[in-house]
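Novice: Input structure: data_20.txt, which contains compact mmCIF, C-alpha atoms.
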```txt
# COMPACT_ATOMS: atom_id res chain seq x y z
CA MET W 1 116.26 115.70 68.11
CA LYS W 2 114.16 117.89 65.79
CA HIS W 3 114.07 121.16 67.72
CA THR W 4 117.24 123.15 68.36
CA GLU W 5 116.16 126.74 68.96
CA ASN W 6 116.98 126.99 72.67
CA LYS W 7 118.29 125.04 75.64
CA ASN W 8 114.95 123.42 76.42
CA ASP W 9 114.06 122.27 72.91
CA HIS W 10 114.85 118.69 73.91
CA MET W 11 111.60 118.86 75.92
CA ALA W 12 109.40 119.61 72.92
CA ALA W 13 108.66 116.01 71.96
CA TYR W 14 106.98 115.18 75.27
CA TRP W 15 103.37 116.43 75.42
CA MET W 16 102.84 116.62 79.18
CA PRO W 17 99.50 115.71 80.80
CA PHE W 18 97.44 118.19 82.84
CA THR W 19 100.30 120.69 82.58
CA PRO W 20 100.67 124.14 81.00
CA ASN W 21 103.34 122.86 78.61
CA ARG W 22 104.57 126.22 77.36
CA ALA W 23 105.10 127.62 80.84
CA PHE W 24 106.66 124.43 82.18
CA LYS W 25 109.18 124.10 79.39
CA GLU W 26 110.27 127.70 79.87
CA ALA W 27 110.95 127.06 83.58
CA PRO W 28 110.96 123.28 84.19
CA ARG W 29 110.74 121.61 87.58
CA LEU W 30 112.58 118.31 87.21
CA TYR W 31 112.99 115.50 89.71
CA LYS W 32 115.90 113.10 89.35
CA SER W 33 115.46 110.83 92.37
CA ALA W 34 113.27 110.15 95.38
CA LYS W 35 113.63 108.53 98.76
CA GLY W 36 111.17 108.33 101.61
CA LEU W 37 109.39 111.66 102.03
CA TYR W 38 111.56 113.63 99.60
CA TYR W 39 112.23 114.21 95.94
CA GLU W 40 115.59 115.50 94.76
CA THR W 41 115.60 117.92 91.84
CA THR W 42 118.12 118.03 89.01
CA ASP W 43 119.61 121.14 90.60
CA GLY W 44 120.17 119.34 93.90
CA ARG W 45 117.24 120.65 95.96
CA GLN W 46 115.26 118.51 98.43
CA ILE W 47 111.48 118.82 97.99
CA LEU W 48 109.21 117.46 100.71
CA ASP W 49 106.47 115.51 98.97
CA ALA W 50 103.32 116.91 100.56
CA PHE W 51 101.08 115.30 97.97
CA SER W 52 102.24 111.66 98.04
CA GLY W 53 103.24 111.85 94.40
CA LEU W 54 99.68 112.26 93.11
CA TRP W 55 97.66 110.86 96.02
CA CYS W 56 99.50 107.59 95.38
CA SER W 57 102.93 107.12 97.01
CA ASN W 58 101.40 106.51 100.43
CA LEU W 59 104.35 104.51 101.77
CA GLY W 60 107.01 106.95 100.64
CA HIS W 61 109.30 106.73 97.67
CA CYS W 62 111.53 103.77 96.80
CA HIS W 63 110.41 101.70 99.75
CA PRO W 64 113.09 98.98 99.92
CA LYS W 65 110.65 96.08 100.27
CA ILE W 66 108.66 97.18 97.22
CA THR W 67 111.80 97.81 95.18
CA GLU W 68 113.14 94.38 96.08
CA ALA W 69 109.86 92.68 95.15
CA ILE W 70 109.79 94.33 91.70
CA GLN W 71 113.42 93.49 91.00
CA LYS W 72 112.95 89.86 92.02
CA GLN W 73 109.78 89.49 89.94
CA ALA W 74 111.43 91.00 86.85
CA GLY W 75 113.97 88.19 86.91
CA GLU W 76 111.39 85.42 87.33
CA LEU W 77 108.28 86.30 85.32
CA ASP W 78 108.26 89.59 83.44
CA TYR W 79 104.84 89.21 81.81
CA SER W 80 101.90 86.82 81.82
CA THR W 81 98.69 87.33 79.90
CA ALA W 82 95.57 87.38 82.05
CA PHE W 83 93.43 85.99 79.21
CA ASN W 84 92.99 82.25 79.86
CA PHE W 85 96.20 82.15 81.92
CA GLY W 86 97.17 83.32 85.37
CA HIS W 87 99.99 83.50 87.87
CA GLU W 88 99.86 82.85 91.60
CA GLY W 89 100.59 86.43 92.59
CA ALA W 90 97.39 87.75 91.05
CA PHE W 91 95.26 85.48 93.22
CA GLU W 92 97.30 86.28 96.33
CA LEU W 93 96.92 90.01 95.81
CA ALA W 94 93.18 89.73 95.13
CA ASN W 95 92.76 87.94 98.45
CA LEU W 96 94.87 90.49 100.34
CA ILE W 97 92.66 93.26 98.95
CA ALA W 98 89.33 91.51 99.40
CA ASP W 99 90.13 90.81 103.05
CA GLN W 100 90.27 94.57 103.68
CA PHE W 101 86.91 95.50 102.17
CA PRO W 102 83.59 94.98 103.97
CA ASP W 103 81.44 92.01 103.03
CA PRO W 104 80.06 91.25 100.51
CA LEU W 105 82.75 93.03 98.42
CA ASP W 106 85.01 90.11 97.58
CA HIS W 107 85.81 89.79 93.86
CA VAL W 108 88.67 91.84 92.39
CA PHE W 109 89.16 92.66 88.70
CA PHE W 110 92.57 94.17 87.94
CA THR W 111 93.15 97.16 85.66
CA ASN W 112 96.12 99.45 85.06
CA SER W 113 94.82 102.80 86.31
CA GLY W 114 91.98 104.55 88.05
CA SER W 115 90.52 105.66 84.72
CA GLU W 116 90.39 102.06 83.54
CA ALA W 117 88.94 100.99 86.87
CA VAL W 118 86.07 103.46 86.51
CA ASP W 119 85.24 102.43 82.96
CA THR W 120 85.40 98.79 84.09
CA ALA W 121 83.01 99.48 86.99
CA LEU W 122 80.53 101.26 84.72
CA LYS W 123 80.58 98.42 82.19
CA MET W 124 80.21 95.93 85.01
CA ALA W 125 77.12 97.74 86.28
CA LEU W 126 75.49 97.95 82.86
CA ALA W 127 76.18 94.31 82.04
CA TYR W 128 74.96 93.16 85.47
CA HIS W 129 71.52 94.65 84.93
CA ARG W 130 71.26 93.21 81.43
CA ILE W 131 72.19 89.72 82.60
CA ASN W 132 69.78 90.15 85.50
CA GLY W 133 66.90 90.78 83.10
CA GLU W 134 66.76 94.56 83.55
CA GLY W 135 68.35 95.73 80.32
CA THR W 136 66.43 99.01 80.50
CA ARG W 137 68.77 100.14 83.29
CA THR W 138 71.29 102.03 81.18
CA ARG W 139 71.36 105.49 82.76
CA LEU W 140 74.36 106.53 84.87
CA ILE W 141 74.39 109.27 87.50
CA GLY W 142 77.53 111.09 88.64
CA ARG W 143 78.01 114.33 90.52
CA VAL W 144 78.94 117.92 89.78
CA ASN W 145 82.70 118.39 90.37
CA GLY W 146 83.21 114.64 90.48
CA TYR W 147 86.42 113.24 89.03
CA HIS W 148 86.46 109.70 87.71
CA GLY W 149 89.50 109.59 85.50
CA VAL W 150 89.87 110.52 81.86
CA GLY W 151 88.26 107.68 79.90
CA PHE W 152 85.08 108.54 78.02
CA GLY W 153 83.03 106.79 80.68
CA GLY W 154 84.83 108.58 83.48
CA ILE W 155 84.53 112.07 82.04
CA SER W 156 80.88 111.42 81.17
CA VAL W 157 79.92 110.66 84.76
CA GLY W 158 82.51 113.13 86.04
CA GLY W 159 81.51 116.72 86.64
CA MET W 160 84.63 118.85 86.18
CA VAL W 161 83.92 121.23 83.30
CA ASN W 162 87.40 121.49 81.77
CA ASN W 163 87.68 117.71 81.66
CA ARG W 164 84.44 117.50 79.63
CA LYS W 165 83.91 120.54 77.45
CA PHE W 166 86.48 119.78 74.74
CA PHE W 167 85.32 116.26 73.95
CA GLY W 168 81.87 116.41 72.43
CA SER W 169 78.64 114.94 73.74
CA LEU W 170 80.28 112.04 75.62
CA LEU W 171 78.09 109.14 76.79
CA SER W 172 74.35 109.59 76.48
CA GLY W 173 71.96 108.97 79.35
CA VAL W 174 74.09 110.53 82.07
CA ASP W 175 72.89 112.92 84.77
CA HIS W 176 74.65 114.67 87.66
CA MET W 177 73.71 115.24 91.29
CA PRO W 178 74.61 118.52 93.02
CA PHE W 179 78.03 119.12 94.53
CA PRO W 180 77.64 118.27 98.25
CA TYR W 181 79.38 121.28 99.73
CA ASP W 182 78.28 124.85 100.40
CA ALA W 183 81.18 127.15 101.23
CA SER W 184 78.81 129.79 102.61
CA GLN W 185 77.84 127.34 105.37
CA ASP W 186 80.66 124.80 105.51
CA ALA W 187 83.85 126.85 105.17
CA PHE W 188 86.55 126.00 107.74
CA THR W 189 84.71 122.89 108.93
CA ARG W 190 86.88 120.33 110.65
CA GLY W 191 86.04 116.98 109.08
CA GLU W 192 82.47 116.34 107.93
CA PRO W 193 80.08 119.31 107.84
CA ASP W 194 76.84 119.12 109.86
CA THR W 195 74.70 120.21 106.90
CA ASP W 196 71.54 118.17 106.25
CA PRO W 197 72.59 115.72 103.49
CA MET W 198 69.11 115.81 101.94
CA LYS W 199 69.88 119.36 100.88
CA TYR W 200 71.93 117.69 98.13
CA LEU W 201 70.26 114.30 97.79
CA ALA W 202 66.69 115.53 97.30
CA GLU W 203 67.62 116.23 93.69
CA LEU W 204 68.65 112.60 93.23
CA GLU W 205 65.17 111.56 94.32
CA GLN W 206 63.76 113.96 91.73
CA MET W 207 66.03 112.48 89.04
CA ILE W 208 64.79 109.00 89.88
CA THR W 209 61.20 110.21 89.60
CA LEU W 210 61.95 111.97 86.31
CA HIS W 211 63.81 109.13 84.61
CA ASP W 212 62.16 106.25 86.52
CA ALA W 213 64.30 103.89 88.55
CA SER W 214 63.87 101.16 85.94
CA THR W 215 66.16 103.14 83.60
CA ILE W 216 68.99 103.85 86.07
CA ALA W 217 71.92 101.44 86.33
CA ALA W 218 74.26 103.08 88.84
CA VAL W 219 75.25 106.12 90.83
CA ILE W 220 79.00 106.78 91.14
CA VAL W 221 80.59 109.11 93.69
CA GLU W 222 83.92 109.78 95.33
CA PRO W 223 83.36 109.25 99.08
CA MET W 224 85.67 112.24 99.57
CA VAL W 225 85.89 114.68 96.67
CA GLY W 226 89.56 114.64 95.68
CA SER W 227 90.66 116.23 92.43
CA ALA W 228 88.18 119.11 92.58
CA GLY W 229 89.99 120.41 95.64
CA MET W 230 89.47 117.99 98.55
CA TYR W 231 85.94 118.47 99.84
CA VAL W 232 84.21 116.42 102.52
CA PRO W 233 80.50 115.58 102.19
CA PRO W 234 78.11 116.16 105.12
CA LYS W 235 77.66 113.66 107.90
CA LYS W 236 75.43 110.73 106.88
CA TYR W 237 75.48 111.80 103.24
CA LEU W 238 76.78 108.42 102.11
CA ASP W 239 74.37 106.58 104.41
CA LYS W 240 71.41 108.39 102.85
CA LEU W 241 72.78 107.84 99.36
CA ARG W 242 73.05 104.11 100.08
CA GLU W 243 69.44 104.06 101.34
CA ILE W 244 68.12 105.78 98.22
CA THR W 245 70.01 103.64 95.73
CA GLU W 246 69.15 100.42 97.52
CA LYS W 247 65.46 101.32 97.69
CA HIS W 248 65.35 101.74 93.90
CA GLY W 249 67.55 98.81 92.88
CA ILE W 250 70.30 101.13 91.65
CA LEU W 251 73.91 100.03 92.05
CA LEU W 252 76.16 102.30 94.12
CA ILE W 253 79.78 102.68 93.02
CA PHE W 254 82.39 104.26 95.27
CA ASP W 255 85.36 105.66 93.37
CA GLU W 256 88.09 104.89 95.90
CA VAL W 257 91.06 105.57 93.65
CA ILE W 258 92.20 108.16 96.21
CA THR W 259 90.66 106.93 99.46
CA ALA W 260 91.58 103.23 99.35
CA PHE W 261 94.58 102.04 101.37
CA GLY W 262 94.96 104.40 104.24
CA ARG W 263 94.29 108.01 103.32
CA LEU W 264 91.44 108.23 105.85
CA GLY W 265 93.03 105.99 108.46
CA SER W 266 91.15 102.91 107.28
CA ALA W 267 91.71 100.41 104.52
CA ASN W 268 89.05 102.18 102.46
CA ALA W 269 86.31 104.78 102.70
CA ALA W 270 83.59 102.11 102.77
CA THR W 271 85.04 100.92 106.06
CA TYR W 272 85.71 104.43 107.35
CA PHE W 273 82.17 105.68 106.73
CA GLY W 274 80.49 102.35 107.50
CA VAL W 275 78.69 102.33 104.15
CA THR W 276 79.04 99.40 101.76
CA PRO W 277 78.51 100.07 98.05
CA ASP W 278 78.03 97.40 95.37
CA ILE W 279 81.29 98.19 93.59
CA CYS W 280 84.49 100.05 94.50
CA THR W 281 87.25 101.25 92.23
CA MET W 282 90.86 101.52 93.39
CA ALA W 283 94.33 102.38 92.02
CA LYS W 284 97.15 104.72 93.09
CA ALA W 285 98.13 103.39 96.54
CA ILE W 286 97.20 99.79 95.70
CA ASN W 287 100.92 99.20 95.07
CA ASN W 288 102.34 102.58 96.11
CA ALA W 289 102.29 103.65 92.43
CA ALA W 290 105.53 101.77 91.85
CA VAL W 291 104.07 100.18 88.69
CA PRO W 292 100.80 101.29 87.02
CA MET W 293 97.87 99.38 88.49
CA GLY W 294 94.20 99.68 89.39
CA GLY W 295 91.29 97.46 90.21
CA VAL W 296 87.59 97.03 90.83
CA ILE W 297 86.07 95.06 93.69
CA ALA W 298 82.49 93.88 93.28
CA SER W 299 79.98 92.18 95.53
CA LYS W 300 79.41 88.45 95.50
CA LYS W 301 75.91 89.10 94.13
CA ILE W 302 77.31 90.85 91.07
CA TYR W 303 80.00 88.24 90.46
CA ASP W 304 77.57 85.35 90.87
CA THR W 305 75.09 86.99 88.49
CA PHE W 306 77.72 87.02 85.75
CA LEU W 307 78.70 83.40 86.35
CA ASP W 308 75.18 82.07 86.82
CA GLY W 309 73.86 84.01 83.83
CA THR W 310 76.44 82.63 81.40
CA LYS W 311 76.09 78.97 80.49
CA ALA W 312 79.57 78.62 78.99
CA GLY W 313 82.59 80.67 77.96
CA VAL W 314 83.60 84.20 78.89
CA GLU W 315 81.27 85.79 81.45
CA PHE W 316 82.54 89.39 81.18
CA PHE W 317 83.84 90.51 77.79
CA HIS W 318 86.31 92.97 79.13
CA GLY W 319 89.99 93.13 80.12
CA TYR W 320 93.40 94.63 79.44
CA THR W 321 96.69 93.32 78.07
CA TYR W 322 98.37 94.32 81.31
CA SER W 323 95.68 93.20 83.80
CA ALA W 324 97.45 91.72 86.85
CA HIS W 325 100.86 92.45 85.32
CA PRO W 326 103.42 90.43 87.33
CA LEU W 327 105.56 93.46 88.26
CA ALA W 328 102.53 95.48 89.36
CA VAL W 329 101.25 92.52 91.35
CA ALA W 330 104.61 92.03 93.05
CA ALA W 331 104.60 95.67 94.09
CA GLY W 332 100.99 95.29 95.24
CA ILE W 333 101.68 92.27 97.43
CA ALA W 334 104.67 93.99 99.02
CA SER W 335 102.66 97.18 99.60
CA GLN W 336 99.68 95.43 101.13
CA LYS W 337 101.94 93.55 103.53
CA ILE W 338 103.64 96.81 104.53
CA TYR W 339 100.30 98.48 105.29
CA LYS W 340 99.58 95.66 107.74
CA GLU W 341 103.03 94.94 109.17
CA GLU W 342 103.95 98.60 109.74
CA GLY W 343 100.51 99.56 111.09
CA ILE W 344 100.07 102.33 108.52
CA TYR W 345 96.30 102.75 108.94
CA GLU W 346 96.71 103.05 112.72
CA ARG W 347 99.51 105.57 112.24
CA VAL W 348 97.24 107.75 110.12
CA LYS W 349 94.57 107.68 112.82
CA GLU W 350 97.15 108.74 115.40
CA ASN W 351 98.26 111.69 113.25
CA THR W 352 94.86 112.86 111.99
CA GLN W 353 94.19 115.34 114.80
CA HIS W 354 97.68 116.82 114.49
CA PHE W 355 97.19 117.20 110.75
CA GLU W 356 93.77 118.79 111.26
CA ASP W 357 95.17 121.28 113.77
CA GLY W 358 98.04 122.11 111.41
CA MET W 359 95.70 122.72 108.50
CA HIS W 360 93.37 124.96 110.48
CA SER W 361 96.28 126.89 111.96
CA LEU W 362 96.36 128.54 108.52
CA LYS W 363 92.98 130.21 109.09
CA GLY W 364 93.43 133.97 108.85
CA SER W 365 96.39 133.69 106.49
CA PRO W 366 96.36 136.00 103.46
CA PHE W 367 94.13 134.85 100.59
CA ILE W 368 93.02 131.57 102.23
CA SER W 369 89.22 131.65 102.17
CA ASP W 370 88.46 128.06 103.19
CA ILE W 371 90.17 125.07 104.81
CA ARG W 372 88.98 121.44 104.70
CA ASN W 373 90.36 118.20 106.12
CA ILE W 374 89.69 114.52 106.67
CA GLY W 375 92.24 111.84 107.53
CA LEU W 376 95.56 112.92 106.02
CA ALA W 377 93.91 114.91 103.24
CA GLY W 378 93.53 118.66 103.25
CA GLY W 379 92.21 121.36 100.96
CA LEU W 380 92.61 125.13 100.74
CA THR W 381 90.63 127.61 98.69
CA ILE W 382 92.71 130.55 97.48
CA GLU W 383 91.01 133.86 96.71
CA GLN W 384 91.00 134.81 93.04
CA ARG W 385 93.07 137.71 91.78
CA ASP W 386 91.26 140.10 89.43
CA GLY W 387 88.72 137.41 88.58
CA ALA W 388 91.33 135.10 87.02
CA VAL W 389 90.46 131.53 87.98
CA GLY W 390 93.45 129.70 89.40
CA ALA W 391 96.03 132.44 88.87
CA ARG W 392 96.77 133.13 92.52
CA ALA W 393 96.47 129.45 93.50
CA TYR W 394 99.06 128.57 90.86
CA ASP W 395 101.37 131.26 92.25
CA PHE W 396 100.83 129.70 95.68
CA PHE W 397 101.86 126.30 94.26
CA LEU W 398 105.00 127.78 92.67
CA LYS W 399 105.95 129.63 95.85
CA ALA W 400 105.50 126.48 97.94
CA TYR W 401 107.78 124.60 95.54
CA GLU W 402 110.35 127.38 95.77
CA LEU W 403 110.18 127.08 99.56
CA GLY W 404 110.62 123.30 99.46
CA ILE W 405 107.34 121.36 99.29
CA GLY W 406 105.30 119.81 96.49
CA ILE W 407 101.50 120.33 96.60
CA ARG W 408 98.67 120.11 94.06
CA PRO W 409 96.93 123.16 92.51
CA ASN W 410 93.59 122.87 90.71
CA GLY W 411 91.65 125.97 89.81
CA ASP W 412 91.34 128.07 92.96
CA THR W 413 92.14 125.17 95.26
CA ILE W 414 95.23 123.56 96.71
CA ALA W 415 95.26 119.94 97.91
CA ILE W 416 97.64 118.53 100.50
CA ALA W 417 98.11 114.78 100.97
CA PRO W 418 101.19 113.87 103.03
CA ILE W 419 102.91 110.51 102.77
CA LEU W 420 101.20 108.25 105.29
CA THR W 421 104.40 107.17 107.05
CA SER W 422 105.07 110.77 108.13
CA SER W 423 105.47 111.45 111.84
CA LYS W 424 103.91 114.47 113.51
CA GLN W 425 107.30 116.20 113.41
CA GLU W 426 107.62 115.45 109.70
CA LEU W 427 104.19 116.96 109.03
CA ASP W 428 104.99 120.28 110.69
CA PRO W 429 107.22 121.72 107.92
CA ILE W 430 104.27 121.45 105.52
CA PHE W 431 102.20 123.91 107.55
CA ASP W 432 105.16 126.23 108.10
CA ILE W 433 105.82 126.46 104.37
CA LEU W 434 102.14 126.86 103.49
CA GLN W 435 102.05 129.79 105.90
CA GLN W 436 105.15 131.32 104.33
CA ALA W 437 103.72 130.86 100.85
CA ALA W 438 100.47 132.58 101.81
CA ASN W 439 102.43 135.48 103.24
CA GLN W 440 104.65 135.89 100.18
CA ILE W 441 102.21 135.73 97.25
CA LYS W 442 100.28 138.73 95.99
```
Can you give me the file's structure in the form of C-alpha cells?
Specialist:
Amino acid sequence: MKHTENKNDHMAAYWMPFTPNRAFKEAPRLYKSAKGLYYETTDGRQILDAFSGLWCSNLGHCHPKITEAIQKQAGELDYSTAFNFGHEGAFELANLIADQFPDPLDHVFFTNSGSEAVDTALKMALAYHRINGEGTRTRLIGRVNGYHGVGFGGISVGGMVNNRKFFGSLLSGVDHMPFPYDASQDAFTRGEPDTDPMKYLAELEQMITLHDASTIAAVIVEPMVGSAGMYVPPKKYLDKLREITEKHGILLIFDEVITAFGRLGSANAATYFGVTPDICTMAKAINNAAVPMGGVIASKKIYDTFLDGTKAGVEFFHGYTYSAHPLAVAAGIASQKIYKEEGIYERVKENTQHFEDGMHSLKGSPFISDIRNIGLAGGLTIEQRDGAVGARAYDFFLKAYELGIGIRPNGDTIAIAPILTSSKQELDPIFDILQQAANQIK
C-alpha cells in the first residue's frame, strides 16, 4: 500500500467510476453484503435498494437460483471462447431471449455490457447497409440527453454533455434529435405526456432532408429516457419515429439496456409500446447483473443479409473475448426462467398504479419541481440551490441514504427504480423516506 497519510488511504488506488472520488473517500458509503431488497453496510446498517443496483438487479440480490446456477457452472465449464467454438448454454439463452421479443427480432449477439451492446448495434447497422449495397449510409442520429453507454460510439450518439465534452470530436457524421420532453407542459404527468410527438420529430424530418436519407444508417433512442433522469416520451412518439425511419430506409435501434426484462411490466419496451425496431440492445437485467453481460437482438432481415452477403468465412468481424461467457450465461438462463416462473412481468403490472400513486404523493414537497413515472421507474426534478447544478439533488441523495434507501442522483434529477419483486407494502417505505428527505434538505 503506497499511501499512508490517513485512515482512508487504502482507497486511493481505486479510481471510482462516475463518482466524486475525493468526496467519497473522505466519507465512504460501503456495502458488504446484499440479500433480497436490501444491502448491508460495513457499519451494519440496512439500506433498501430503491434503484435495483443500477437499474439491473431486478430480481433482488443474491437470488438463490441464480447463485446456485453460477456456482454449478463454475465447477463444470469456467470459460469457453465464442470464436469458432460454443457451448450449449449460449444457444439456450439466445432462444429464451428471442422468444420474448416481437417478430422479426430473433438473432442475439452477446456482449459484456450495455456500452458494448450499443457499439455492436451501431457497427451492425453500418455493416448491414454496406453489405446491402448502400455504403453511403454512414450517418448516425441520436438524441439530446440520450445515454448509450461510454464507448466512443455510445457517447457520440449520446447527448449528455458531461459524457461528451472531455473526449474530443468523437465519431463524425452524427446528429441529434431534440429531447422529447417539455417540463413547462409535461411536469407531473402520470405516464406518457399527451404532447404532440411531431413537436420533437419534425426536426428529424428536417435532418433527413438536410443530409438526405441515402446517407443515414440508423437512429438510436432509449424508449424511456433513463440516465438523464427518467423521462417518458409523448404518446405515439415511438410509433411516429418508426414510421419516419421505415419510410426512409433508416434502421431504428432501441437501446433497451434499462427497459428490457420487466421494468415496464413487459419483457421489453418494444412489446410494451407495440413498436418493433430493427435492432435492440440489452444488458443489466438480462442476468440480474450477477455477472457482466449484454446483448444485441437483430431482425431476421439483418441477420440474413450478413449471411447471404458473405460467400464464405466470418460474416461479422466483431466480437469479445467474453461473449457468452459460461458464468454469465448460466446466470442469464436462471434469471430468464425466474422472470417466467415467478410471473415477474405480471407482478410489475399489478404494482404500477400503486407505484405511480406513491410517486405523485410527493407533489408539493419542498424543492420537488417535477415528478415522472412509467412502470416501476420514477424520476424527480430537484430545484437548484443558488444556481449550482446538482448540489441540492446530491444532498437529497445523501439524506435518503442516511434515512435508509439507495437512489440515483444525476444533475438536478433523482431516479427511483425499485426491485421488481417488491410488494406494494415493500414499496411504501421508499415514498416515506423520499418525503422525509425532501423535508430535511435545505
Novice: Expressed in Å to a single decimal, how great is the separation between atom CA of Lys165 of chain W and atom CA of Gly146 of chain W?
Specialist: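 Here the two named atoms are 14.3 Å from each other.
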Novice: Using all atoms listed in the file, what does the table of segment 244-342 of chain W residues within 10 Å of segment 74-93 of chain W look like, with each row giving the shortest atom pair and its distance in Å to one decimal, sorted by chain and ascending number, as CSV?
Specialist:
```
residue,atom,partner,partner_atom,distance
W:Ile286,CA,W:Leu93,CA,9.8
W:Val314,CA,W:Asn84,CA,9.6
W:His318,CA,W:Phe83,CA,10.0
W:Gly319,CA,W:Phe83,CA,8.0
W:Tyr320,CA,W:Ala82,CA,8.0
W:Thr321,CA,W:Thr81,CA,6.6
W:Tyr322,CA,W:Thr81,CA,7.1
W:Ser323,CA,W:Ala82,CA,6.1
W:Ala324,CA,W:Ala90,CA,5.8
W:His325,CA,W:Tyr79,CA,6.2
W:Pro326,CA,W:Tyr79,CA,5.8
W:Leu327,CA,W:Ala74,CA,6.5
W:Ala328,CA,W:Ala90,CA,9.4
W:Val329,CA,W:Ala90,CA,6.1
W:Ala330,CA,W:Gly89,CA,6.9
W:Ala331,CA,W:Leu93,CA,9.7
W:Gly332,CA,W:Leu93,CA,6.7
W:Ile333,CA,W:Leu93,CA,5.5
W:Ala334,CA,W:Leu93,CA,9.3
W:Ser335,CA,W:Leu93,CA,9.9
W:Gln336,CA,W:Leu93,CA,8.1
W:Lys337,CA,W:Leu93,CA,9.9
```
Novice: Nearest to Ser33 of chain W among W:His61, W:Arg143, W:Arg408, W:Arg130, with distances taken over only C-alpha atoms: which residue is it?
Specialist: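 For Ser33 of chain W, the nearest of the candidates is W:His61.
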Novice: Mind checking which residues fall within 10 Å of Lys240 of chain W, counting only C-alpha atoms, ignoring those fewer than 4 positions away in the same chain, and posting them as an MDAnalysis selection string?
Specialist: chainID W and resid 197:198 201 235:236 244:246 275
Novice: Give me, please, the distance in Å between atom CA of Asp395 of chain W and atom CA of Pro28 of chain W, quoted to one decimal.
Specialist: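 Atom CA of Asp395 of chain W sits 14.9 Å away from atom CA of Pro28 of chain W.
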Novice: Add whatever atoms are absent from segment 33-45 of chain W to reach N, CA and C atoms, and provide the output as a PDB file, in the coordinates of the input.
Specialist:
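The result, written out as part.pdb:
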```pdb
ATOM      1  N   SER W  33     115.485 111.990  91.488  1.00  0.00           N
ATOM      2  CA  SER W  33     115.460 110.830  92.370  1.00  0.00           C
ATOM      3  C   SER W  33     114.478 111.091  93.505  1.00  0.00           C
ATOM      4  N   ALA W  34     114.178 110.016  94.246  1.00  0.00           N
ATOM      5  CA  ALA W  34     113.270 110.150  95.380  1.00  0.00           C
ATOM      6  C   ALA W  34     113.613 109.107  96.423  1.00  0.00           C
ATOM      7  N   LYS W  35     113.376 109.453  97.658  1.00  0.00           N
ATOM      8  CA  LYS W  35     113.630 108.530  98.760  1.00  0.00           C
ATOM      9  C   LYS W  35     112.785 108.944  99.951  1.00  0.00           C
ATOM     10  N   GLY W  36     111.976 108.035 100.437  1.00  0.00           N
ATOM     11  CA  GLY W  36     111.170 108.330 101.610  1.00  0.00           C
ATOM     12  C   GLY W  36     110.194 109.461 101.364  1.00  0.00           C
ATOM     13  N   LEU W  37     110.324 110.536 102.122  1.00  0.00           N
ATOM     14  CA  LEU W  37     109.390 111.660 102.030  1.00  0.00           C
ATOM     15  C   LEU W  37     109.819 112.716 101.010  1.00  0.00           C
ATOM     16  N   TYR W  38     110.977 112.542 100.379  1.00  0.00           N
ATOM     17  CA  TYR W  38     111.560 113.630  99.600  1.00  0.00           C
ATOM     18  C   TYR W  38     111.860 113.244  98.151  1.00  0.00           C
ATOM     19  N   TYR W  39     111.673 114.230  97.287  1.00  0.00           N
ATOM     20  CA  TYR W  39     112.230 114.210  95.940  1.00  0.00           C
ATOM     21  C   TYR W  39     113.535 115.001  95.945  1.00  0.00           C
ATOM     22  N   GLU W  40     114.419 114.667  95.016  1.00  0.00           N
ATOM     23  CA  GLU W  40     115.590 115.500  94.760  1.00  0.00           C
ATOM     24  C   GLU W  40     115.503 116.016  93.335  1.00  0.00           C
ATOM     25  N   THR W  41     115.694 117.311  93.151  1.00  0.00           N
ATOM     26  CA  THR W  41     115.600 117.920  91.840  1.00  0.00           C
ATOM     27  C   THR W  41     116.935 117.817  91.100  1.00  0.00           C
ATOM     28  N   THR W  42     116.888 118.100  89.813  1.00  0.00           N
ATOM     29  CA  THR W  42     118.120 118.030  89.010  1.00  0.00           C
ATOM     30  C   THR W  42     119.126 119.088  89.421  1.00  0.00           C
ATOM     31  N   ASP W  43     118.659 120.139  90.117  1.00  0.00           N
ATOM     32  CA  ASP W  43     119.610 121.140  90.600  1.00  0.00           C
ATOM     33  C   ASP W  43     119.973 120.934  92.071  1.00  0.00           C
ATOM     34  N   GLY W  44     119.684 119.710  92.589  1.00  0.00           N
ATOM     35  CA  GLY W  44     120.170 119.340  93.900  1.00  0.00           C
ATOM     36  C   GLY W  44     119.331 119.769  95.080  1.00  0.00           C
ATOM     37  N   ARG W  45     118.101 120.238  94.855  1.00  0.00           N
ATOM     38  CA  ARG W  45     117.240 120.650  95.960  1.00  0.00           C
ATOM     39  C   ARG W  45     116.437 119.469  96.500  1.00  0.00           C
TER      40      ARG W  45
END
```
